[in-house]
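Next comes my_file.cif, with mmCIF, C-alpha atoms.
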data_model
loop_
_atom_site.label_atom_id
_atom_site.label_comp_id
_atom_site.auth_asym_id
_atom_site.auth_seq_id
_atom_site.Cartn_x
_atom_site.Cartn_y
_atom_site.Cartn_z
CA MET A 27 -9.28 86.85 34.10
CA VAL A 28 -7.36 88.76 31.49
CA SER A 29 -8.37 87.85 27.98
CA GLN A 30 -5.74 87.96 25.31
CA ILE A 31 -6.47 89.91 22.19
CA GLN A 32 -5.96 87.74 19.18
CA PRO A 33 -3.98 89.37 16.40
CA PRO A 34 -6.00 89.93 13.26
CA THR A 35 -5.64 87.12 10.76
CA GLN A 36 -3.75 87.96 7.63
CA PRO A 37 -5.84 87.72 4.46
CA GLU A 38 -4.79 84.93 2.13
CA VAL A 39 -2.64 86.13 -0.72
CA ILE A 40 -3.99 85.10 -4.11
CA TYR A 41 -1.50 84.41 -6.88
CA PRO A 42 -3.36 84.64 -10.22
CA ASP A 43 -2.33 82.24 -12.95
CA SER A 44 -3.65 84.37 -15.82
CA ASP A 45 -4.04 88.01 -16.78
CA GLY A 46 -6.52 87.37 -19.57
CA GLN A 47 -3.96 88.23 -22.24
CA PRO A 48 -3.14 85.87 -25.13
CA VAL A 49 0.05 83.82 -25.08
CA ALA A 50 1.22 85.50 -28.28
CA ASN A 51 0.10 88.44 -30.40
CA ASN A 52 0.65 86.79 -33.77
CA THR A 53 1.40 83.43 -35.35
CA ILE A 54 5.11 84.18 -35.85
CA GLN A 55 5.65 84.89 -32.17
CA PHE A 56 3.57 81.88 -31.14
CA GLY A 57 5.48 79.61 -33.53
CA TRP A 58 8.80 80.61 -32.02
CA ILE A 59 7.56 80.15 -28.46
CA VAL A 60 6.29 76.65 -29.26
CA GLU A 61 9.44 75.69 -31.16
CA ILE A 62 11.84 76.76 -28.41
CA LYS A 63 9.75 75.29 -25.58
CA GLN A 64 9.15 71.93 -27.24
CA ASN A 65 12.70 71.43 -28.47
CA ILE A 66 14.15 72.18 -25.04
CA GLU A 67 11.62 69.81 -23.48
CA TRP A 68 12.72 67.06 -25.86
CA LEU A 69 16.36 67.93 -25.21
CA PHE A 70 15.83 67.18 -21.51
CA ALA A 71 13.13 64.54 -21.92
CA ASP A 72 15.12 61.96 -19.95
CA ASP A 73 15.94 64.29 -17.08
CA PRO A 74 13.04 64.38 -14.56
CA ASN A 75 14.47 67.48 -12.88
CA VAL A 76 14.30 70.00 -15.70
CA PHE A 77 11.08 72.03 -15.81
CA VAL A 78 10.25 73.94 -19.01
CA ALA A 79 7.26 76.27 -19.30
CA GLY A 80 5.79 78.76 -21.72
CA ASP A 81 3.94 81.91 -20.62
CA LEU A 82 3.72 80.70 -17.03
CA PHE A 83 3.41 83.25 -14.22
CA TRP A 84 6.55 83.32 -12.07
CA TYR A 85 6.24 84.75 -8.55
CA PRO A 86 9.72 85.10 -7.01
CA VAL A 87 8.70 86.52 -3.61
CA GLU A 88 6.13 85.07 -1.22
CA GLY A 89 3.38 87.48 -0.27
CA ARG A 90 4.00 89.83 -3.20
CA ASN A 91 1.50 88.93 -5.88
CA LYS A 92 2.25 92.09 -7.86
CA THR A 93 5.84 90.99 -8.30
CA VAL A 94 5.32 88.67 -11.24
CA ASN A 95 6.40 88.02 -14.78
CA ALA A 96 5.46 85.45 -17.41
CA PRO A 97 8.46 84.68 -19.64
CA ASP A 98 7.65 83.40 -23.10
CA VAL A 99 9.82 80.38 -22.27
CA MET A 100 11.59 79.63 -19.01
CA VAL A 101 13.83 76.73 -18.03
CA VAL A 102 14.35 75.65 -14.43
CA LEU A 103 17.11 73.12 -13.90
CA GLY A 104 16.90 71.21 -10.65
CA ARG A 105 13.11 71.19 -10.32
CA PRO A 106 10.80 68.31 -11.28
CA LYS A 107 8.82 68.45 -14.49
CA GLY A 108 5.57 67.96 -12.57
CA VAL A 109 4.43 67.97 -8.98
CA GLY A 110 2.09 65.84 -6.94
CA VAL A 111 1.21 62.18 -7.19
CA ALA A 112 2.96 60.48 -10.10
CA ARG A 113 3.84 63.96 -11.38
CA ARG A 114 0.44 64.26 -13.03
CA ARG A 115 -0.59 67.59 -11.49
CA HIS A 116 1.00 70.50 -13.31
CA ARG A 117 1.79 73.92 -11.90
CA LEU A 118 -0.73 76.70 -12.38
CA CYS A 119 2.08 79.16 -11.71
CA TYR A 120 5.68 79.02 -10.51
CA GLN A 121 5.87 80.09 -6.87
CA GLN A 122 9.58 80.16 -6.20
CA TRP A 123 9.38 79.74 -2.39
CA LYS A 124 7.60 76.40 -3.01
CA GLU A 125 10.38 75.31 -5.37
CA GLU A 126 13.23 75.33 -2.83
CA GLY A 127 13.93 78.92 -3.84
CA VAL A 128 15.20 77.91 -7.30
CA ALA A 129 14.75 80.68 -9.86
CA PRO A 130 14.49 79.98 -13.60
CA GLN A 131 18.05 79.95 -14.87
CA VAL A 132 17.26 80.55 -18.56
CA VAL A 133 14.57 82.81 -20.01
CA PHE A 134 13.53 83.55 -23.60
CA GLU A 135 11.39 86.41 -24.84
CA ILE A 136 10.07 86.58 -28.41
CA LEU A 137 9.20 90.13 -29.45
CA SER A 138 6.01 91.18 -31.17
CA PRO A 139 5.21 94.62 -32.62
CA SER A 140 3.24 95.48 -29.47
CA ASN A 141 6.26 95.17 -27.17
CA THR A 142 7.63 98.54 -26.08
CA GLN A 143 11.17 99.40 -25.07
CA THR A 144 9.94 100.40 -21.61
CA GLU A 145 8.27 97.03 -21.19
CA MET A 146 11.41 95.14 -22.20
CA ASP A 147 13.61 97.32 -19.96
CA LYS A 148 11.37 96.39 -17.02
CA LYS A 149 11.64 92.70 -17.89
CA LEU A 150 15.44 92.93 -17.98
CA LEU A 151 15.46 94.57 -14.54
CA PHE A 152 13.11 91.89 -13.20
CA TYR A 153 15.19 89.00 -14.52
CA ASP A 154 18.39 90.64 -13.30
CA ARG A 155 16.96 91.26 -9.81
CA TYR A 156 15.50 87.79 -9.32
CA GLY A 157 18.37 85.59 -10.40
CA VAL A 158 18.04 84.64 -14.08
CA GLU A 159 21.43 83.47 -15.35
CA GLU A 160 20.81 83.62 -19.11
CA TYR A 161 18.34 85.90 -20.87
CA TYR A 162 17.69 85.86 -24.62
CA ILE A 163 15.47 88.13 -26.71
CA TYR A 164 14.67 87.39 -30.34
CA ASP A 165 12.83 89.80 -32.63
CA PRO A 166 11.65 87.70 -35.61
CA ASP A 167 10.42 90.74 -37.55
CA ARG A 168 13.89 92.31 -37.53
CA ASN A 169 15.75 89.00 -37.22
CA ASN A 170 17.58 90.46 -34.24
CA LEU A 171 18.97 88.33 -31.40
CA ARG A 172 20.32 89.68 -28.12
CA GLY A 173 21.52 87.92 -25.00
CA TRP A 174 22.64 88.54 -21.43
CA LEU A 175 24.72 86.35 -19.14
CA ARG A 176 25.01 86.69 -15.36
CA SER A 177 28.34 87.83 -13.95
CA GLU A 178 29.32 89.01 -10.48
CA ASP A 179 27.59 92.33 -11.19
CA GLY A 180 24.36 90.91 -12.62
CA LEU A 181 23.22 90.33 -16.19
CA ASP A 182 25.77 91.57 -18.72
CA VAL A 183 25.26 91.85 -22.48
CA ILE A 184 26.72 89.02 -24.54
CA PRO A 185 28.76 90.94 -27.13
CA GLN A 186 28.72 88.26 -29.85
CA MET A 187 25.69 86.01 -30.30
CA GLU A 188 26.85 84.28 -33.48
CA ASP A 189 27.62 80.65 -32.60
CA TRP A 190 27.05 81.44 -28.93
CA VAL A 191 26.54 78.30 -26.83
CA SER A 192 24.27 78.50 -23.80
CA PRO A 193 26.32 77.52 -20.72
CA ARG A 194 23.27 75.94 -19.11
CA LEU A 195 21.42 74.37 -22.04
CA LYS A 196 24.39 73.65 -24.34
CA ILE A 197 22.40 74.80 -27.36
CA ARG A 198 24.04 76.87 -30.08
CA PHE A 199 22.59 80.07 -31.53
CA ALA A 200 23.15 80.68 -35.23
CA PRO A 201 21.70 84.01 -36.42
CA LEU A 202 21.46 83.67 -40.21
CA ALA A 203 20.25 86.05 -42.90
CA GLU A 204 17.10 83.97 -43.36
CA GLY A 205 16.40 83.79 -39.62
CA LEU A 206 17.62 82.38 -36.34
CA GLN A 207 18.62 78.73 -36.13
CA LEU A 208 19.12 76.86 -32.86
CA TYR A 209 21.17 73.68 -32.63
CA ARG A 210 21.42 70.91 -30.08
CA LEU A 211 24.76 69.79 -28.69
CA ASP A 212 24.72 66.83 -31.13
CA GLY A 213 24.49 69.25 -34.06
CA GLU A 214 20.82 68.60 -34.84
CA ARG A 215 18.87 71.80 -35.40
CA PHE A 216 15.68 72.69 -33.59
CA LEU A 217 12.64 71.58 -35.59
CA THR A 218 9.34 73.36 -36.08
CA TYR A 219 6.12 71.74 -34.89
CA THR A 220 5.22 70.90 -38.51
CA GLU A 221 8.59 69.23 -39.09
CA ILE A 222 8.27 67.26 -35.87
CA SER A 223 4.77 66.08 -36.78
CA ARG A 224 5.92 65.10 -40.27
CA ASN A 225 8.91 63.18 -38.89
CA ALA A 226 6.72 61.41 -36.34
CA GLU A 227 4.33 60.32 -39.09
CA GLN A 228 7.21 59.06 -41.23
CA GLU A 229 8.60 57.11 -38.28
CA ARG A 230 5.17 55.59 -37.67
CA GLN A 231 4.88 54.53 -41.30
CA ARG A 232 8.40 53.06 -41.28
CA ALA A 233 7.61 51.10 -38.13
CA GLU A 234 4.42 49.74 -39.67
CA LEU A 235 6.25 48.70 -42.85
CA ALA A 236 9.00 47.03 -40.83
CA GLU A 237 6.43 45.15 -38.74
CA GLN A 238 4.58 44.03 -41.85
CA ALA A 239 7.84 42.88 -43.44
CA ARG A 240 8.60 40.73 -40.40
CA ARG A 241 5.12 39.24 -40.52
CA ASP A 242 5.46 38.47 -44.24
CA ALA A 243 8.84 36.82 -43.66
CA ILE A 244 7.48 34.14 -41.30
CA PRO A 245 5.76 31.93 -43.95
CA ARG A 246 8.85 32.07 -46.17
CA LEU A 247 11.11 31.09 -43.28
CA LEU A 248 8.81 28.22 -42.38
CA GLN A 249 8.96 26.99 -45.98
CA MET A 250 12.76 26.97 -45.60
CA ASP A 251 12.25 24.48 -42.73
CA LEU A 252 13.45 26.91 -40.05
CA SER A 253 12.23 26.11 -36.58
CA ILE A 254 10.16 28.56 -34.59
CA GLU A 255 13.17 29.16 -32.33
CA GLN A 256 15.32 30.04 -35.35
CA ILE A 257 12.61 32.40 -36.67
CA VAL A 258 12.37 34.06 -33.27
CA GLN A 259 16.10 34.69 -33.29
CA ALA A 260 16.14 35.90 -36.90
CA LEU A 261 13.24 38.35 -36.57
CA GLY A 262 13.62 39.47 -32.99
CA LEU A 263 10.11 38.33 -32.07
CA SER A 264 8.91 36.32 -29.11
CA VAL A 265 7.86 32.69 -29.40
CA GLU A 266 4.28 33.70 -28.64
CA GLU A 267 4.28 36.32 -31.42
CA VAL A 268 5.61 33.86 -34.00
CA GLN A 269 3.16 31.18 -32.96
CA SER A 270 0.29 33.63 -33.09
CA LEU A 271 1.27 34.82 -36.57
CA THR A 272 1.61 31.30 -37.92
CA GLN A 273 -1.96 30.57 -36.81
CA GLU A 274 -3.48 33.60 -38.55
#

Let me see the structure of the file written as structure tokens.
Amino acid sequence: MVSQIQPPTQPEVIYPDSDGQPVANNTIQFGWIVEIKQNIEWLFADDPNVFVAGDLFWYPVEGRNKTVNAPDVMVVLGRPKGVGVARRRHRLCYQQWKEEGVAPQVVFEILSPSNTQTEMDKKLLFYDRYGVEEYYIYDPDRNNLRGWLRSEDGLDVIPQMEDWVSPRLKIRFAPLAEGLQLYRLDGERFLTYTEISRNAEQERQRAELAEQARRDAIPRLLQMDLSIEQIVQALGLSVEEVQSLTQE
């Protein structure tokens, strides 16, 4: 009997999801990363197939765990926001071969004083090689914005960034003397986390006041001899809600 020699098993390739480095080197850089990521997420909140991530490891090639980058913000159109049952399990890293080969189309990098020109040149080569369509770099310390757009020959410099509109995201870039502003297609500007939190609190307070006003109106409407059905129609409440409130 001739025994067949089994080929040696290939060791499993590990794809780390962290390098132990912080997301940002200072609060300015972190603020910009959060602002861009969150506003783009809200922009596509109703589209289940737009994935937005911040500082997530992206592996474009299976089996090559040294070929990796972690964009400050990356946007992948055509891939679900989450994976797994009920989309509750989030990605630890973006392994492109498991994502139908879809590369992030839009990438943002926010510079910090520690970034070197060599480092940024390598990032540009990486994004060019692995299919990024739009690449934007913002230096908040120098208030300097640069961008690249993919052509037939790869990523080409966008010569004029003032009022530039992203072909993929439809957001407008407005470099101003006091700093960069980003605008949605509807003309609303991107908000900071503090502004968003403040607006959410104001909306909550307005909703509570409106609800209280409707509750307070029920006794007055009853005194005017309106029926429960008429009150329901006037206040936009259900019959059960009106009946419950009249019994309190």

Please check which residues have atoms at most 6 Å from (15.6, 74.9, -11.4) in the file's coordinates, counting all atoms listed in the file, and write them as a ChimeraX atom specification. /A:102-105,128,130

Can you tell me, as a ChimeraX atom specification, what residues are no more than 8 Å from range 194-198 of chain A when counting all atoms listed in the file, ignoring any on the same chain fewer than 6 positions away? /A:131-132,208-211

Export of prior selection with C-alpha atoms as an mmCIF file, in the coordinates of the input:
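What ended up in selection-v9.cif:
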data_model
loop_
_atom_site.group_PDB
_atom_site.id
_atom_site.type_symbol
_atom_site.label_atom_id
_atom_site.label_comp_id
_atom_site.auth_asym_id
_atom_site.auth_seq_id
_atom_site.Cartn_x
_atom_site.Cartn_y
_atom_site.Cartn_z
ATOM 1 C CA GLN A 131 18.050 79.950 -14.870
ATOM 2 C CA VAL A 132 17.260 80.550 -18.560
ATOM 3 C CA LEU A 208 19.120 76.860 -32.860
ATOM 4 C CA TYR A 209 21.170 73.680 -32.630
ATOM 5 C CA ARG A 210 21.420 70.910 -30.080
ATOM 6 C CA LEU A 211 24.760 69.790 -28.690
#

Proximity to Val101 in chain A - best of A:Gln121, A:Asn75, A:Gln207, A:Ser44, all atoms listed in the file: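 Distance minimum relative to Val101 in chain A lands on A:Asn75.
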
List the neighbours of Leu181 in chain A out to 10 Å using all atoms listed in the file; skip same-chain residues closer than 5 positions along the sequence, and give me the result as a ChimeraX atom specification. /A:150-151,153-155,157-161,173-176

Shortest contact to Glu204 in chain A, candidates A:Asp167, A:Glu237, A:Asp179, A:Asp72, atoms counted all atoms listed in the file, goes to A:Asp167

For CA of Ile40 in chain A and CA of Gly108 in chain A, quote the distance in Å rounded to one decimal. 21.4 Å

To one decimal in Å, tell me the separation between CA of Val99 in chain A and CA of Ile59 in chain A.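 Taking CA of Val99 in chain A and CA of Ile59 in chain A, their separation equals 6.6 Å.
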
When distances are computed from all atoms listed in the file, which of A:Tyr164, A:Phe56, A:Tyr120, A:Trp190 shows the smallest separation from Leu206 in chain A? A:Tyr164

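Once only C-alpha atoms are considered, the residues situated within 12 Å of the file point (10.7, 68.8, -27.6) turn out to be A:Ile59, A:Val60, A:Glu61, A:Ile62, A:Lys63, A:Gln64, A:Asn65, A:Ile66, A:Glu67, A:Trp68, A:Leu69, A:Phe70, A:Ala71, A:Asp72, A:Val78, A:Ala79, A:Arg210, A:Arg215, A:Phe216, A:Leu217, A:Thr218, A:Tyr219, A:Glu221, A:Ile222, A:Ser223.
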
Neighbour list for Arg246 in chain A as a list in words, cut-off 12 Å, all atoms listed in the file, skip fewer than 6 positions in-chain: Ala239, Arg240, Leu252, Ser253, Ile257 and Thr272 of chain A

Leu137 in chain A: which residues within 10 Å, counting all atoms listed in the file, same-chain residues fewer than 4 positions away excluded, as a VMD selection string? chain A and resid 50 to 51 54 to 55 58 98 141 to 142 146 163 to 168 170

Using the chain letters and numbers from the file, give me the residues hit by the PyMOL selection byres ((chain A and resi 263-269) around 12), as an mmCIF file with C-alpha atoms, keeping the file's coordinate frame.
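Result file follows (out.cif):
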data_model
loop_
_atom_site.group_PDB
_atom_site.id
_atom_site.type_symbol
_atom_site.label_atom_id
_atom_site.label_comp_id
_atom_site.auth_asym_id
_atom_site.auth_seq_id
_atom_site.Cartn_x
_atom_site.Cartn_y
_atom_site.Cartn_z
ATOM 1 C CA GLU A 237 6.430 45.150 -38.740
ATOM 2 C CA ARG A 240 8.600 40.730 -40.400
ATOM 3 C CA ARG A 241 5.120 39.240 -40.520
ATOM 4 C CA ASP A 242 5.460 38.470 -44.240
ATOM 5 C CA ALA A 243 8.840 36.820 -43.660
ATOM 6 C CA ILE A 244 7.480 34.140 -41.300
ATOM 7 C CA PRO A 245 5.760 31.930 -43.950
ATOM 8 C CA LEU A 247 11.110 31.090 -43.280
ATOM 9 C CA LEU A 248 8.810 28.220 -42.380
ATOM 10 C CA SER A 253 12.230 26.110 -36.580
ATOM 11 C CA ILE A 254 10.160 28.560 -34.590
ATOM 12 C CA GLU A 255 13.170 29.160 -32.330
ATOM 13 C CA GLN A 256 15.320 30.040 -35.350
ATOM 14 C CA ILE A 257 12.610 32.400 -36.670
ATOM 15 C CA VAL A 258 12.370 34.060 -33.270
ATOM 16 C CA GLN A 259 16.100 34.690 -33.290
ATOM 17 C CA ALA A 260 16.140 35.900 -36.900
ATOM 18 C CA LEU A 261 13.240 38.350 -36.570
ATOM 19 C CA GLY A 262 13.620 39.470 -32.990
ATOM 20 C CA SER A 270 0.290 33.630 -33.090
ATOM 21 C CA LEU A 271 1.270 34.820 -36.570
ATOM 22 C CA THR A 272 1.610 31.300 -37.920
ATOM 23 C CA GLN A 273 -1.960 30.570 -36.810
ATOM 24 C CA GLU A 274 -3.480 33.600 -38.550
#

Would you compute the distance between CA of Ser140 in chain A and CA of Asn169 in chain A? Give it in Å to one decimal.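 Between these atoms lies a distance of 16.1 Å.
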
Shortest interatomic distance to Glu38 in chain A - which of A:Thr220, A:Gln238, A:Asn91, A:Ser177, counting only C-alpha atoms: A:Asn91

From the options A:Gly46, A:Glu229, A:Lys107, A:Asn95, which residue's atoms come nearest to Val76 in chain A, counting only C-alpha atoms?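 Closest candidate: A:Lys107.
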
With the input short on atoms, add all heavy atoms back to range 77-88 of chain A and write it as a compact mmCIF listing (two decimals), keeping the file's coordinate frame.
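Printed below is selection.txt as written:
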# COMPACT_ATOMS: atom_id res chain seq x y z
N PHE A 77 12.45 71.54 -15.58
CA PHE A 77 11.08 72.03 -15.81
C PHE A 77 11.13 73.13 -16.86
O PHE A 77 11.86 74.11 -16.72
CB PHE A 77 10.49 72.55 -14.50
CG PHE A 77 9.16 73.21 -14.65
CD1 PHE A 77 8.07 72.51 -15.16
CD2 PHE A 77 8.98 74.54 -14.29
CE1 PHE A 77 6.83 73.11 -15.30
CE2 PHE A 77 7.74 75.16 -14.42
CZ PHE A 77 6.67 74.44 -14.93
N VAL A 78 10.33 72.97 -17.92
CA VAL A 78 10.25 73.94 -19.01
C VAL A 78 8.81 74.42 -19.13
O VAL A 78 7.88 73.61 -19.12
CB VAL A 78 10.72 73.34 -20.35
CG1 VAL A 78 10.76 74.41 -21.44
CG2 VAL A 78 12.09 72.68 -20.20
N ALA A 79 8.63 75.73 -19.23
CA ALA A 79 7.26 76.27 -19.30
C ALA A 79 7.21 77.42 -20.28
O ALA A 79 8.21 78.11 -20.52
CB ALA A 79 6.79 76.73 -17.92
N GLY A 80 6.03 77.64 -20.83
CA GLY A 80 5.79 78.76 -21.72
C GLY A 80 4.67 79.64 -21.18
O GLY A 80 3.59 79.13 -20.85
N ASP A 81 4.94 80.94 -21.06
CA ASP A 81 3.94 81.91 -20.62
C ASP A 81 3.33 81.54 -19.26
O ASP A 81 2.14 81.68 -19.05
CB ASP A 81 2.83 82.04 -21.67
CG ASP A 81 2.00 83.31 -21.47
OD1 ASP A 81 2.59 84.38 -21.27
OD2 ASP A 81 0.76 83.22 -21.51
N LEU A 82 4.17 81.07 -18.37
CA LEU A 82 3.72 80.70 -17.03
C LEU A 82 4.09 81.81 -16.05
O LEU A 82 5.22 82.30 -16.05
CB LEU A 82 4.38 79.39 -16.59
CG LEU A 82 3.89 78.81 -15.25
CD1 LEU A 82 2.50 78.22 -15.41
CD2 LEU A 82 4.86 77.74 -14.75
N PHE A 83 3.13 82.22 -15.21
CA PHE A 83 3.41 83.25 -14.22
C PHE A 83 4.47 82.78 -13.23
O PHE A 83 4.35 81.69 -12.66
CB PHE A 83 2.13 83.61 -13.46
CG PHE A 83 1.27 84.63 -14.16
CD1 PHE A 83 1.35 84.81 -15.53
CD2 PHE A 83 0.39 85.42 -13.45
CE1 PHE A 83 0.56 85.75 -16.17
CE2 PHE A 83 -0.41 86.36 -14.08
CZ PHE A 83 -0.32 86.53 -15.45
N TRP A 84 5.47 83.60 -13.02
CA TRP A 84 6.55 83.32 -12.07
C TRP A 84 6.49 84.37 -10.96
O TRP A 84 6.66 85.56 -11.21
CB TRP A 84 7.89 83.33 -12.79
CG TRP A 84 9.10 83.44 -11.90
CD1 TRP A 84 9.23 83.00 -10.61
CD2 TRP A 84 10.36 84.03 -12.24
NE1 TRP A 84 10.49 83.28 -10.12
CE2 TRP A 84 11.20 83.91 -11.10
CE3 TRP A 84 10.86 84.64 -13.38
CZ2 TRP A 84 12.52 84.39 -11.09
CZ3 TRP A 84 12.16 85.11 -13.37
CH2 TRP A 84 12.98 84.98 -12.24
N TYR A 85 6.24 83.89 -9.74
CA TYR A 85 6.24 84.75 -8.55
C TYR A 85 7.51 84.46 -7.74
O TYR A 85 7.62 83.40 -7.13
CB TYR A 85 5.01 84.47 -7.68
CG TYR A 85 3.70 84.84 -8.32
CD1 TYR A 85 2.94 83.89 -9.01
CD2 TYR A 85 3.21 86.13 -8.24
CE1 TYR A 85 1.73 84.23 -9.60
CE2 TYR A 85 1.99 86.48 -8.82
CZ TYR A 85 1.27 85.53 -9.50
OH TYR A 85 0.07 85.87 -10.09
N PRO A 86 8.47 85.37 -7.72
CA PRO A 86 9.72 85.10 -7.01
C PRO A 86 9.67 85.32 -5.50
O PRO A 86 10.49 84.77 -4.77
CB PRO A 86 10.71 86.06 -7.67
CG PRO A 86 9.88 87.19 -8.16
CD PRO A 86 8.56 86.61 -8.51
N VAL A 87 8.71 86.12 -5.02
CA VAL A 87 8.70 86.52 -3.61
C VAL A 87 7.35 86.18 -2.99
O VAL A 87 6.30 86.62 -3.47
CB VAL A 87 8.98 88.03 -3.45
CG1 VAL A 87 9.03 88.39 -1.97
CG2 VAL A 87 10.29 88.41 -4.14
N GLU A 88 7.36 85.42 -1.91
CA GLU A 88 6.13 85.07 -1.22
C GLU A 88 5.46 86.31 -0.65
O GLU A 88 6.11 87.18 -0.07
CB GLU A 88 6.42 84.07 -0.09
CG GLU A 88 5.18 83.56 0.60
CD GLU A 88 5.46 82.49 1.63
OE1 GLU A 88 6.66 82.25 1.91
OE2 GLU A 88 4.49 81.89 2.13
